[in-house]
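*Asks:* My structure is in my_file.tsv, and what it holds is TSV, C-alpha atoms:
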```
chain	number	residue	atom	x	y	z
A	22	MET	CA	-90.12	31.55	8.06
A	23	GLY	CA	-93.80	32.21	7.42
A	24	ASP	CA	-96.24	33.54	9.97
A	25	PRO	CA	-94.88	33.18	13.49
A	26	GLY	CA	-96.72	31.03	16.00
A	27	PRO	CA	-98.75	32.54	18.81
A	28	VAL	CA	-96.71	34.39	21.39
A	29	ALA	CA	-96.21	32.63	24.69
A	30	GLY	CA	-98.85	33.44	27.27
A	31	ASP	CA	-101.57	34.67	24.89
A	32	THR	CA	-104.10	32.21	26.28
A	33	ASP	CA	-104.61	31.29	29.93
A	34	SER	CA	-106.02	28.04	31.22
A	35	ASP	CA	-107.58	26.97	34.49
A	36	ASP	CA	-105.75	25.03	37.17
A	37	ALA	CA	-107.89	21.92	37.55
A	38	GLY	CA	-106.64	18.39	38.06
A	39	PHE	CA	-105.27	16.05	35.41
A	40	ASP	CA	-107.78	14.82	32.85
A	41	GLU	CA	-106.59	12.99	29.75
A	42	GLY	CA	-109.59	14.22	27.79
A	43	ASP	CA	-109.06	17.93	28.40
A	44	ILE	CA	-105.75	19.67	27.82
A	45	GLU	CA	-106.92	22.65	29.90
A	46	GLU	CA	-106.70	20.40	32.95
A	47	VAL	CA	-103.26	19.02	32.24
A	48	ILE	CA	-101.13	22.11	32.81
A	49	GLU	CA	-101.35	25.85	33.35
A	50	LEU	CA	-99.53	27.56	30.54
A	51	ASP	CA	-97.85	30.92	30.61
A	52	GLY	CA	-94.33	32.04	29.83
A	53	PRO	CA	-91.94	34.38	28.04
A	54	GLU	CA	-92.12	35.46	24.42
A	55	ALA	CA	-90.18	33.47	21.89
A	56	ASP	CA	-86.67	34.51	20.98
A	57	ASP	CA	-86.89	35.58	17.32
A	58	ALA	CA	-83.25	34.92	16.49
A	59	LEU	CA	-81.82	31.58	15.51
A	60	ALA	CA	-78.79	30.38	17.47
A	61	ASP	CA	-75.45	30.04	15.70
A	62	GLU	CA	-75.35	27.13	13.32
A	63	MET	CA	-74.31	23.88	15.01
A	64	ASP	CA	-71.43	21.85	13.72
A	65	GLU	CA	-72.41	19.27	11.15
A	66	ILE	CA	-72.91	15.78	12.48
A	67	ASP	CA	-70.01	13.52	11.55
A	68	LEU	CA	-70.37	9.88	12.45
A	69	GLY	CA	-67.25	8.94	10.56
A	70	ASN	CA	-66.70	6.08	8.14
A	71	HIS	CA	-67.76	2.77	9.62
A	72	GLY	CA	-66.98	0.60	6.64
A	73	TYR	CA	-70.18	0.82	4.63
A	74	GLY	CA	-69.59	4.06	2.77
A	75	ASP	CA	-66.17	3.14	1.40
A	76	GLU	CA	-66.00	3.61	-2.35
A	77	GLY	CA	-63.83	0.54	-2.61
A	78	ALA	CA	-66.63	-1.60	-1.23
A	79	GLU	CA	-69.04	-0.98	-4.11
A	80	GLY	CA	-68.90	-4.59	-5.24
A	81	ASP	CA	-69.76	-5.83	-1.75
A	82	MET	CA	-72.60	-3.31	-1.47
A	83	GLU	CA	-74.13	-4.51	-4.70
A	84	MET	CA	-74.28	-8.04	-3.34
A	85	MET	CA	-75.75	-6.96	-0.01
A	86	THR	CA	-79.11	-8.51	0.89
A	87	ASP	CA	-82.00	-6.09	1.15
A	88	ASP	CA	-84.72	-7.41	3.47
A	89	ALA	CA	-86.84	-4.24	3.28
A	90	ASP	CA	-90.37	-4.34	1.92
A	91	VAL	CA	-90.41	-0.60	1.20
A	92	VAL	CA	-87.52	1.78	0.61
A	93	PHE	CA	-88.29	5.49	1.03
A	94	SER	CA	-85.79	7.57	-0.94
A	95	LYS	CA	-87.23	11.09	-1.22
A	96	HIS	CA	-84.62	12.69	1.01
A	97	ILE	CA	-81.46	14.24	-0.41
A	98	GLY	CA	-78.99	13.58	2.37
A	99	SER	CA	-78.92	11.56	5.58
A	100	VAL	CA	-82.25	10.70	7.21
A	101	PHE	CA	-81.71	11.56	10.85
A	102	CYS	CA	-85.03	10.58	12.43
A	103	ILE	CA	-88.08	8.42	11.89
A	104	GLY	CA	-91.41	8.15	13.72
A	105	LEU	CA	-94.38	5.79	13.50
A	106	ASP	CA	-98.00	6.84	13.89
A	107	ARG	CA	-99.31	5.00	16.94
A	108	THR	CA	-103.00	5.03	16.04
A	109	THR	CA	-103.09	3.08	12.78
A	110	GLU	CA	-99.36	2.24	12.47
A	111	SER	CA	-99.71	2.89	8.76
A	112	LEU	CA	-97.80	6.20	8.46
A	113	ALA	CA	-94.21	7.26	9.02
A	114	VAL	CA	-92.56	10.65	9.37
A	115	THR	CA	-88.89	11.22	8.54
A	116	GLY	CA	-86.59	14.21	8.87
A	117	GLY	CA	-83.33	14.74	7.07
A	118	GLU	CA	-80.19	16.64	6.21
A	119	ASP	CA	-82.06	18.28	3.30
A	120	ASP	CA	-83.99	20.52	5.77
A	121	LYS	CA	-87.21	18.64	5.07
A	122	ALA	CA	-89.56	16.16	6.70
A	123	TYR	CA	-92.04	13.88	4.96
A	124	VAL	CA	-95.15	12.04	6.12
A	125	TRP	CA	-95.57	8.90	4.02
A	126	ARG	CA	-97.40	5.58	3.87
A	127	LEU	CA	-95.67	2.44	5.07
A	128	GLY	CA	-97.41	0.25	2.52
A	129	ASP	CA	-96.00	1.86	-0.61
A	130	GLY	CA	-93.85	4.82	0.44
A	131	GLU	CA	-96.27	7.36	-1.08
A	132	VAL	CA	-95.73	10.89	0.26
A	133	LEU	CA	-98.81	12.34	1.94
A	134	MET	CA	-97.23	15.59	3.09
A	135	GLU	CA	-93.97	17.44	2.66
A	136	CYS	CA	-93.05	19.42	5.77
A	137	GLY	CA	-90.91	22.24	4.42
A	138	GLY	CA	-89.79	25.66	5.57
A	139	HIS	CA	-87.02	24.50	7.88
A	140	LYS	CA	-83.70	26.32	7.85
A	141	ASP	CA	-81.47	23.49	9.00
A	142	SER	CA	-81.33	19.70	9.16
A	143	VAL	CA	-84.53	18.20	10.58
A	144	THR	CA	-83.34	16.07	13.50
A	145	CYS	CA	-86.65	15.52	15.35
A	146	ALA	CA	-89.95	14.30	13.89
A	147	CYS	CA	-92.78	12.55	15.75
A	148	PHE	CA	-96.55	11.97	15.82
A	149	SER	CA	-98.80	13.14	18.64
A	150	HIS	CA	-100.53	10.63	20.92
A	151	ASN	CA	-103.56	10.32	18.60
A	152	SER	CA	-101.58	10.76	15.35
A	153	ALA	CA	-103.60	13.88	14.48
A	154	LEU	CA	-100.49	16.08	14.57
A	155	VAL	CA	-96.88	15.78	13.51
A	156	ALA	CA	-94.06	17.82	15.04
A	157	THR	CA	-90.82	18.55	13.19
A	158	GLY	CA	-87.79	20.34	14.59
A	159	ASP	CA	-84.49	21.37	13.07
A	160	MET	CA	-81.03	21.83	14.55
A	161	GLY	CA	-81.37	25.60	14.46
A	162	GLY	CA	-84.38	25.53	16.79
A	163	LEU	CA	-87.34	26.02	14.44
A	164	VAL	CA	-90.19	23.77	15.60
A	165	LYS	CA	-93.33	23.24	13.50
A	166	ALA	CA	-96.58	21.33	13.92
A	167	TRP	CA	-98.67	19.93	11.08
A	168	ASP	CA	-102.24	18.66	10.85
A	169	VAL	CA	-102.14	15.19	9.31
A	170	ASN	CA	-105.68	15.28	7.92
A	171	SER	CA	-105.57	18.74	6.35
A	172	ARG	CA	-101.85	18.36	5.50
A	173	GLU	CA	-101.22	21.94	6.56
A	174	GLN	CA	-98.89	23.62	9.02
A	175	VAL	CA	-100.85	24.78	12.07
A	176	TRP	CA	-98.14	26.23	14.34
A	177	GLU	CA	-94.47	27.09	14.64
A	178	PHE	CA	-92.08	28.47	17.24
A	179	GLU	CA	-88.38	29.28	17.36
A	180	VAL	CA	-86.05	28.43	20.24
A	181	SER	CA	-82.31	28.08	20.63
A	182	ASP	CA	-80.55	25.05	19.12
A	183	LEU	CA	-82.86	22.06	19.52
A	184	GLU	CA	-81.82	18.85	21.28
A	185	TRP	CA	-85.01	16.78	21.57
A	186	LEU	CA	-88.82	16.75	21.08
A	187	ASP	CA	-91.46	14.63	22.79
A	188	TRP	CA	-95.27	14.71	22.69
A	189	HIS	CA	-97.42	14.38	25.80
A	190	VAL	CA	-98.89	10.89	26.15
A	191	ALA	CA	-102.56	11.97	26.24
A	192	ALA	CA	-102.90	15.58	25.04
A	193	PRO	CA	-101.78	17.87	22.17
A	194	VAL	CA	-98.87	19.20	24.22
A	195	LEU	CA	-95.36	19.31	22.79
A	196	LEU	CA	-92.15	19.47	24.82
A	197	ALA	CA	-88.64	20.34	23.71
A	198	GLY	CA	-85.16	20.64	25.20
A	199	THR	CA	-82.56	23.13	24.03
A	200	VAL	CA	-78.84	23.76	24.13
A	201	ASP	CA	-79.27	26.56	26.67
A	202	GLY	CA	-80.76	24.10	29.16
A	203	ASP	CA	-84.37	25.24	29.08
A	204	VAL	CA	-87.31	22.92	28.49
A	205	TRP	CA	-90.30	24.32	26.58
A	206	MET	CA	-93.89	23.10	26.71
A	207	TRP	CA	-96.60	24.25	24.28
A	208	LYS	CA	-100.27	23.58	23.65
A	209	VAL	CA	-100.70	22.96	19.94
A	210	PRO	CA	-102.01	24.70	17.93
A	211	SER	CA	-102.90	27.56	20.33
A	212	GLY	CA	-99.23	28.02	21.24
A	213	ASP	CA	-99.76	28.71	24.95
A	214	CYS	CA	-96.36	28.18	26.50
A	215	LYS	CA	-94.54	27.28	29.66
A	216	THR	CA	-90.80	26.95	30.33
A	217	PHE	CA	-88.82	24.92	32.85
A	218	GLN	CA	-85.68	26.86	33.62
A	219	GLY	CA	-82.37	25.07	33.31
A	220	HIS	CA	-79.44	25.19	35.71
A	221	GLY	CA	-76.79	26.25	33.21
A	222	SER	CA	-76.33	22.89	31.54
A	223	GLN	CA	-77.59	21.79	28.12
A	224	SER	CA	-80.81	19.73	28.08
A	225	THR	CA	-79.76	16.65	26.12
A	226	ALA	CA	-82.62	14.14	26.55
A	227	GLY	CA	-86.23	14.15	27.70
A	228	LYS	CA	-89.15	11.79	28.12
A	229	VAL	CA	-92.75	12.29	29.31
A	230	MET	CA	-93.70	9.66	31.88
A	231	PRO	CA	-96.69	7.40	31.16
A	232	ASP	CA	-98.83	9.06	33.85
A	233	GLY	CA	-98.70	12.32	31.84
A	234	LYS	CA	-97.97	14.31	35.00
A	235	ARG	CA	-94.18	14.24	35.07
A	236	LEU	CA	-91.25	14.75	32.73
A	237	CYS	CA	-87.77	13.27	33.03
A	238	VAL	CA	-84.93	15.37	31.62
A	239	GLY	CA	-81.24	14.58	31.25
A	240	TYR	CA	-78.53	17.23	31.06
A	241	GLU	CA	-75.01	17.61	29.70
A	242	ASP	CA	-73.47	17.65	33.18
A	243	GLY	CA	-74.93	14.20	33.92
A	244	THR	CA	-77.86	15.43	36.00
A	245	VAL	CA	-81.32	13.86	35.69
A	246	LYS	CA	-84.36	15.83	36.85
A	247	VAL	CA	-87.97	14.76	37.36
A	248	TRP	CA	-90.32	17.70	36.68
A	249	ASP	CA	-93.95	18.19	37.69
A	250	LEU	CA	-95.64	19.36	34.48
A	251	LYS	CA	-98.47	21.23	36.17
A	252	GLN	CA	-96.50	22.98	38.87
A	253	GLY	CA	-93.39	23.52	36.77
A	254	ALA	CA	-91.21	22.44	39.68
A	255	ALA	CA	-88.40	19.89	39.86
A	256	LEU	CA	-89.56	17.04	42.11
A	257	HIS	CA	-86.15	15.35	42.20
A	258	THR	CA	-82.65	16.17	41.05
A	259	LEU	CA	-80.56	13.06	40.54
A	260	SER	CA	-76.85	13.83	40.52
A	261	GLY	CA	-73.69	13.57	42.57
A	262	HIS	CA	-72.21	10.18	43.43
A	263	GLN	CA	-75.40	8.44	42.27
A	264	GLY	CA	-75.47	10.18	38.90
A	265	HIS	CA	-73.57	10.28	35.64
A	266	THR	CA	-70.28	12.08	35.07
A	267	GLY	CA	-70.95	12.57	31.35
A	268	ALA	CA	-73.76	14.01	29.25
A	269	VAL	CA	-77.06	12.10	29.36
A	270	THR	CA	-77.77	10.75	25.88
A	271	CYS	CA	-80.94	8.65	26.23
A	272	MET	CA	-83.85	7.88	28.56
A	273	ASP	CA	-86.68	5.42	29.02
A	274	CYS	CA	-89.64	5.35	31.42
A	275	HIS	CA	-91.31	2.17	32.65
A	276	HIS	CA	-95.09	1.82	32.35
A	277	ASP	CA	-95.27	1.38	36.15
A	278	ASN	CA	-94.57	5.14	36.44
A	279	VAL	CA	-91.82	4.49	38.96
A	280	LEU	CA	-88.67	3.32	37.20
A	281	VAL	CA	-86.72	5.64	34.92
A	282	MET	CA	-83.55	4.72	33.04
A	283	SER	CA	-80.81	6.96	31.68
A	284	GLY	CA	-77.60	6.43	29.70
A	285	ALA	CA	-74.63	8.75	29.30
A	286	THR	CA	-71.38	9.41	27.46
A	287	ASP	CA	-69.42	8.23	30.51
A	288	GLY	CA	-70.28	4.64	29.56
A	289	THR	CA	-72.81	4.14	32.37
A	290	ALA	CA	-76.54	3.58	32.67
A	291	ARG	CA	-78.70	4.18	35.72
A	292	VAL	CA	-82.14	2.97	36.81
A	293	TRP	CA	-83.88	5.44	39.10
A	294	ASN	CA	-86.88	5.30	41.41
A	295	SER	CA	-88.67	8.46	40.24
A	296	ALA	CA	-90.91	8.56	43.32
A	297	ALA	CA	-88.09	8.37	45.85
A	298	GLY	CA	-85.48	10.16	43.76
A	299	LYS	CA	-82.89	7.44	44.31
A	300	CYS	CA	-80.68	5.28	42.11
A	301	VAL	CA	-81.88	1.66	42.08
A	302	SER	CA	-79.00	0.19	40.10
A	303	GLY	CA	-76.13	1.18	37.83
A	304	TYR	CA	-74.48	-0.53	34.88
A	305	SER	CA	-71.24	-0.03	32.98
A	306	ALA	CA	-70.99	-0.54	29.23
A	307	GLY	CA	-67.28	-1.24	29.49
A	308	PRO	CA	-64.94	-1.35	26.49
A	309	GLU	CA	-65.01	-4.33	24.16
A	310	THR	CA	-61.75	-6.25	23.87
A	311	GLY	CA	-59.28	-4.20	21.85
A	312	SER	CA	-61.59	-1.18	21.62
A	313	ASP	CA	-60.96	2.42	22.58
A	314	GLU	CA	-62.49	3.21	25.96
A	315	ASP	CA	-63.63	6.56	24.58
A	316	THR	CA	-66.14	4.75	22.34
A	317	ASN	CA	-68.18	3.20	25.15
A	318	SER	CA	-70.75	6.02	25.28
A	319	VAL	CA	-74.20	4.60	26.08
A	320	GLU	CA	-76.51	5.65	23.22
A	321	ALA	CA	-79.62	3.55	23.92
A	322	VAL	CA	-81.38	2.20	27.01
A	323	GLY	CA	-84.63	0.33	27.56
A	324	LEU	CA	-86.77	-1.14	30.34
A	325	SER	CA	-88.68	-4.33	29.56
A	326	ARG	CA	-92.44	-4.14	30.08
A	327	SER	CA	-92.83	-7.83	30.87
A	328	GLN	CA	-89.64	-8.73	32.78
A	329	PRO	CA	-87.48	-7.03	35.43
A	330	LEU	CA	-84.76	-6.44	32.84
A	331	ALA	CA	-82.83	-3.41	31.60
A	332	ALA	CA	-80.98	-3.18	28.28
A	333	VAL	CA	-77.93	-1.01	27.59
A	334	GLY	CA	-76.49	-0.34	24.12
A	335	SER	CA	-73.22	1.50	23.56
A	336	LEU	CA	-71.00	2.79	20.76
A	337	ASN	CA	-68.49	0.02	21.44
A	338	GLY	CA	-71.03	-2.45	20.05
A	339	THR	CA	-72.00	-4.02	23.35
A	340	LEU	CA	-75.59	-4.83	24.24
A	341	GLY	CA	-75.92	-5.66	27.93
A	342	VAL	CA	-79.06	-7.25	29.37
A	343	TRP	CA	-79.23	-6.78	33.14
A	344	ASP	CA	-81.44	-8.13	35.91
A	345	ILE	CA	-82.67	-5.08	37.81
A	346	PRO	CA	-83.35	-6.63	41.27
A	347	THR	CA	-79.94	-8.35	41.51
A	348	GLY	CA	-77.83	-6.10	39.30
A	349	VAL	CA	-76.44	-9.18	37.54
A	350	GLN	CA	-75.67	-9.04	33.82
A	351	ARG	CA	-77.57	-11.85	32.11
A	352	HIS	CA	-76.20	-11.44	28.60
A	353	LYS	CA	-73.51	-9.54	26.75
A	354	CYS	CA	-74.26	-9.41	23.03
A	355	SER	CA	-71.62	-8.09	20.62
A	356	HIS	CA	-72.23	-6.06	17.47
A	357	PRO	CA	-69.72	-5.25	14.71
A	358	GLY	CA	-70.52	-1.54	15.05
A	359	GLY	CA	-71.87	0.91	17.59
A	360	ILE	CA	-75.48	0.57	18.78
A	361	VAL	CA	-77.56	3.72	18.18
A	362	ARG	CA	-81.08	2.56	19.08
A	363	LEU	CA	-82.70	-0.28	21.01
A	364	GLN	CA	-86.28	-1.14	21.84
A	365	TRP	CA	-88.01	-3.89	23.78
A	366	ALA	CA	-91.05	-5.62	22.33
A	367	GLU	CA	-94.15	-4.34	24.14
A	368	SER	CA	-94.87	-7.92	25.23
A	369	GLY	CA	-92.65	-10.96	25.36
A	370	TYR	CA	-88.88	-11.29	25.41
A	371	LEU	CA	-87.63	-9.85	22.10
A	372	LEU	CA	-85.20	-6.94	21.95
A	373	TYR	CA	-84.44	-4.89	18.82
A	374	THR	CA	-81.13	-3.09	18.15
A	375	SER	CA	-80.00	-0.88	15.27
A	376	CYS	CA	-76.34	-0.42	14.54
A	377	LEU	CA	-73.75	1.69	12.75
A	378	ASP	CA	-73.04	-1.29	10.47
A	379	GLY	CA	-76.45	-0.70	8.84
A	380	VAL	CA	-78.11	-3.81	10.27
A	381	THR	CA	-81.02	-4.20	12.70
A	382	ARG	CA	-80.91	-7.28	14.92
A	383	ILE	CA	-83.60	-9.00	16.96
A	384	TRP	CA	-82.44	-10.75	20.13
A	385	ASP	CA	-83.93	-13.34	22.47
A	386	SER	CA	-83.43	-11.84	25.93
A	387	ARG	CA	-83.79	-15.28	27.52
A	388	THR	CA	-80.78	-16.75	25.76
A	389	GLY	CA	-78.86	-13.78	24.37
A	390	ALA	CA	-79.06	-15.30	20.89
A	391	THR	CA	-79.78	-13.46	17.63
A	392	VAL	CA	-83.25	-14.32	16.32
A	393	GLN	CA	-83.11	-12.34	13.07
A	394	GLN	CA	-81.05	-9.79	11.14
A	395	LEU	CA	-82.57	-7.12	8.89
A	396	SER	CA	-80.19	-5.82	6.24
A	397	GLY	CA	-80.45	-3.35	3.39
A	398	HIS	CA	-78.87	-0.06	4.42
A	399	SER	CA	-75.50	0.80	2.89
A	400	GLU	CA	-74.59	3.27	5.65
A	401	GLU	CA	-75.10	3.60	9.38
A	402	ILE	CA	-78.61	3.45	10.86
A	403	LEU	CA	-79.47	6.69	12.67
A	404	ASP	CA	-82.96	5.99	14.06
A	405	MET	CA	-85.47	3.16	14.51
A	406	ALA	CA	-89.15	2.64	15.37
A	407	VAL	CA	-90.98	-0.63	16.09
A	408	SER	CA	-94.72	-1.34	15.95
A	409	ARG	CA	-96.63	-2.43	19.07
A	410	ASP	CA	-96.78	-6.06	17.97
A	411	GLY	CA	-93.11	-6.04	16.93
A	412	ASN	CA	-93.88	-7.08	13.34
A	413	ILE	CA	-92.97	-3.78	11.64
A	414	VAL	CA	-89.53	-2.21	11.96
A	415	LEU	CA	-88.70	1.22	10.55
A	416	THR	CA	-85.15	2.49	10.16
A	417	SER	CA	-83.53	5.66	8.81
A	418	SER	CA	-79.96	5.91	7.64
A	419	GLY	CA	-77.01	7.93	6.46
A	420	ASP	CA	-77.55	6.33	3.03
A	421	ASN	CA	-80.36	8.88	2.38
A	422	THR	CA	-83.13	6.30	2.78
A	423	ALA	CA	-85.65	4.96	5.27
A	424	ARG	CA	-86.74	1.34	5.20
A	425	VAL	CA	-89.79	-0.65	6.24
A	426	PHE	CA	-89.34	-4.29	7.30
A	427	ASN	CA	-92.46	-6.44	7.65
A	428	LEU	CA	-91.67	-9.49	9.75
A	429	GLN	CA	-95.02	-11.21	9.08
A	430	LYS	CA	-94.11	-12.21	5.53
A	431	PRO	CA	-94.46	-16.01	5.11
A	432	GLU	CA	-90.80	-16.50	4.14
A	433	ARG	CA	-89.75	-14.94	7.44
```
Could the structure of this file be written out as structure tokens, please?
*Replies:*
Amino acid sequence: MGDPGPVAGDTDSDDAGFDEGDIEEVIELDGPEADDALADEMDEIDLGNHGYGDEGAEGDMEMMTDDADVVFSKHIGSVFCIGLDRTTESLAVTGGEDDKAYVWRLGDGEVLMECGGHKDSVTCACFSHNSALVATGDMGGLVKAWDVNSREQVWEFEVSDLEWLDWHVAAPVLLAGTVDGDVWMWKVPSGDCKTFQGHGSQSTAGKVMPDGKRLCVGYEDGTVKVWDLKQGAALHTLSGHQGHTGAVTCMDCHHDNVLVMSGATDGTARVWNSAAGKCVSGYSAGPETGSDEDTNSVEAVGLSRSQPLAAVGSLNGTLGVWDIPTGVQRHKCSHPGGIVRLQWAESGYLLYTSCLDGVTRIWDSRTGATVQQLSGHSEEILDMAVSRDGNIVLTSSGDNTARVFNLQKPER
């Protein structure tokens, strides 16, 4: 595994107020030592055959249009995750079934850094707020951090089976959720550590709120908690008749620092008031005509920055666009396969969805019409990232590749 990261609690910090420029004033870090043993190996991910990997369809695949400007094909196995550097938007990081992650250039796919040493499939990979660091995490719970400029590993830590990773919005602080229900928070690269104790249910999704002071976490039992990062206390626990009855799969936080959205395997999505700890509205994915109700798990949710709208994407292929104040569904947009990711444009009315049929679609939220389709993958899309201006779309897939789509090309 290499040299272990610093043991939790080696370095203390003061307890001043929040300051985006000084990590010492974000949180007070202390906590238990890391567990040195890996958890039992998780079952392999099996998304099934959704029509693109069929050997009998080779002729159709050869004739498939490829709209990608760059195809990254260094991975040997499915590419589970992809992240975009938010400073220059010129670098990507991908993690795959081959136990590796790569940092590479969007312009030509050139590898800048290979992030090796993982013992299992890399399912989480993301850039820090200033793109100076990259975090990679594998299914077995080994989490590493890498310096982008020096291209060297600067820290690592081992937890139980990993469910999610998320960087703090304004400091080199990394957060992770695990199968045992705990949430970990580290300063990187010092390794000072703090844990948020679970309640006996797996931590399945997490998102740092834009104010940098709170963290929203979803759990397998359908509970959503809002945590105070500095105090390490749960401000609100959202459950019961207002909550989900299935595992929380996805979350989004509005830039107003009030609204939080969650989706779950029970086919529902919820919008919460994080200040009051109350459910504002709830939505049902509902089965598509002729579909199995068990496939309506909500896998992607999003809150529009410019309109009072919420988007819900489910495995039954339904994209619902809902008006938050009235709870009325404005549009129901059908896909030929399950939706795995969605993202609103940071400004305007466009909505991006990526699907198990290997296609990314761009929708007009005003009309519910498809604006554009981006094809090229021969298997299901597993992750997606979109640039701030909406002109660059990154996707990773079960076909062992990641793709870059530049929407500013003259012919588009």
*Asks:* Using CA of Asp203 in chain A and CA of Leu259 in chain A as the two end points, give the distance in Å to one decimal.
*Replies:*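 Here the two named atoms are 17.2 Å from each other.
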*Asks:* Please provide as a ChimeraX atom specification all residues within 8 Å of Trp343 in chain A, with the sequence filter that same-chain residues fewer than 4 positions apart are discarded (counting all atoms listed in the file).
*Replies:* /A:330-332,348-352
*Asks:* So, counting all atoms listed in the file, which residue among A:Thr266, A:Gln174, A:Ser111, A:Ser417 is closest to Pro210 in chain A?
*Replies:*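 Ranking A:Thr266, A:Gln174, A:Ser111, A:Ser417 by distance to Pro210 in chain A, first place goes to A:Gln174.
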*Asks:* Any idea what's packed within 9 Å of Val322 in chain A, counting only C-alpha atoms, ignoring anything in its chain fewer than 5 positions away? Could you give it as a list in words?
*Replies:* Cys271, Met272, Asp273, Met282, Ser283, Gly284, Ala290, Ala331, Ala332, Val333, Gly334, Ser335, Arg362, Leu363 and Gln364 of chain A
*Asks:* Per residue of range 139-232 of chain A within 12 Å of range 121-128 of chain A, which atom pair is closest and at what distance in Å (one decimal), using only C-alpha atoms, listed by chain and increasing number, as CSV?
*Replies:*
```
residue,atom,partner,partner_atom,distance
A:His139,CA,A:Lys121,CA,6.5
A:Lys140,CA,A:Lys121,CA,8.9
A:Asp141,CA,A:Lys121,CA,8.5
A:Ser142,CA,A:Lys121,CA,7.2
A:Val143,CA,A:Lys121,CA,6.1
A:Thr144,CA,A:Ala122,CA,9.2
A:Cys145,CA,A:Ala122,CA,9.1
A:Ala146,CA,A:Ala122,CA,7.4
A:Cys147,CA,A:Val124,CA,9.9
A:Phe148,CA,A:Val124,CA,9.8
A:Ser152,CA,A:Val124,CA,11.3
A:Leu154,CA,A:Val124,CA,10.8
A:Val155,CA,A:Val124,CA,8.5
A:Ala156,CA,A:Ala122,CA,9.6
A:Thr157,CA,A:Ala122,CA,7.0
A:Gly158,CA,A:Ala122,CA,9.1
A:Asp159,CA,A:Lys121,CA,8.9
A:Met160,CA,A:Lys121,CA,11.8
A:Leu163,CA,A:Lys121,CA,11.9
A:Val164,CA,A:Ala122,CA,11.7
A:Lys165,CA,A:Ala122,CA,10.5
A:Ala166,CA,A:Ala122,CA,11.3
A:Trp167,CA,A:Val124,CA,10.0
A:Asp168,CA,A:Val124,CA,10.8
A:Val169,CA,A:Val124,CA,8.3
A:Asn170,CA,A:Val124,CA,11.2
A:Arg172,CA,A:Val124,CA,9.2
A:Glu173,CA,A:Val124,CA,11.6
```
*Asks:* Quick one, how far is CA of Glu110 in chain A from CA of Gln328 in chain A?
*Replies:*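 These two atoms are separated by 25.0 Å.
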*Asks:* May I ask which of the residues A:Met85, A:Leu112, A:Val279, A:Leu336 is the closest one to Leu324 in chain A, counting all atoms listed in the file?
*Replies:*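 Looking at the shortest contact to Leu324 in chain A, the residue is A:Val279.
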*Asks:* Show me, as a VMD selection string, the residues that have an atom within 7 Å of Trp248 in chain A when counting all atoms listed in the file, minus same-chain residues fewer than 2 positions from it.
*Replies:* chain A and resid 235 to 237 246 250 253 to 256
*Asks:* Give me the residues near Ser94 in chain A as a ChimeraX atom specification, where near means some atom within 8 Å (using all atoms listed in the file) and where sequence neighbours in that chain fewer than 4 positions away do not count.
*Replies:* /A:421-423
*Asks:* Provide the CA of Ile345 in chain A to CA of Asn278 in chain A distance in Å, to one decimal place.
*Replies:* 15.7 Å
*Asks:* Taking only C-alpha atoms into account, name the residue in A:Gly419, A:Gly137, A:Pro346, A:Gly389 that is nearest to Gly98 in chain A.
*Replies:*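 The closest residue to Gly98 in chain A is A:Gly419.
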*Asks:* Compare A:Cys214, A:Ile97, A:Leu428, A:Val292 by their minimum atom-to-atom distance to Val245 in chain A, counting all atoms listed in the file, and give me the closest one.
*Replies:*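 Going through A:Cys214, A:Ile97, A:Leu428, A:Val292 one by one, the smallest distance to Val245 in chain A is for A:Val292.
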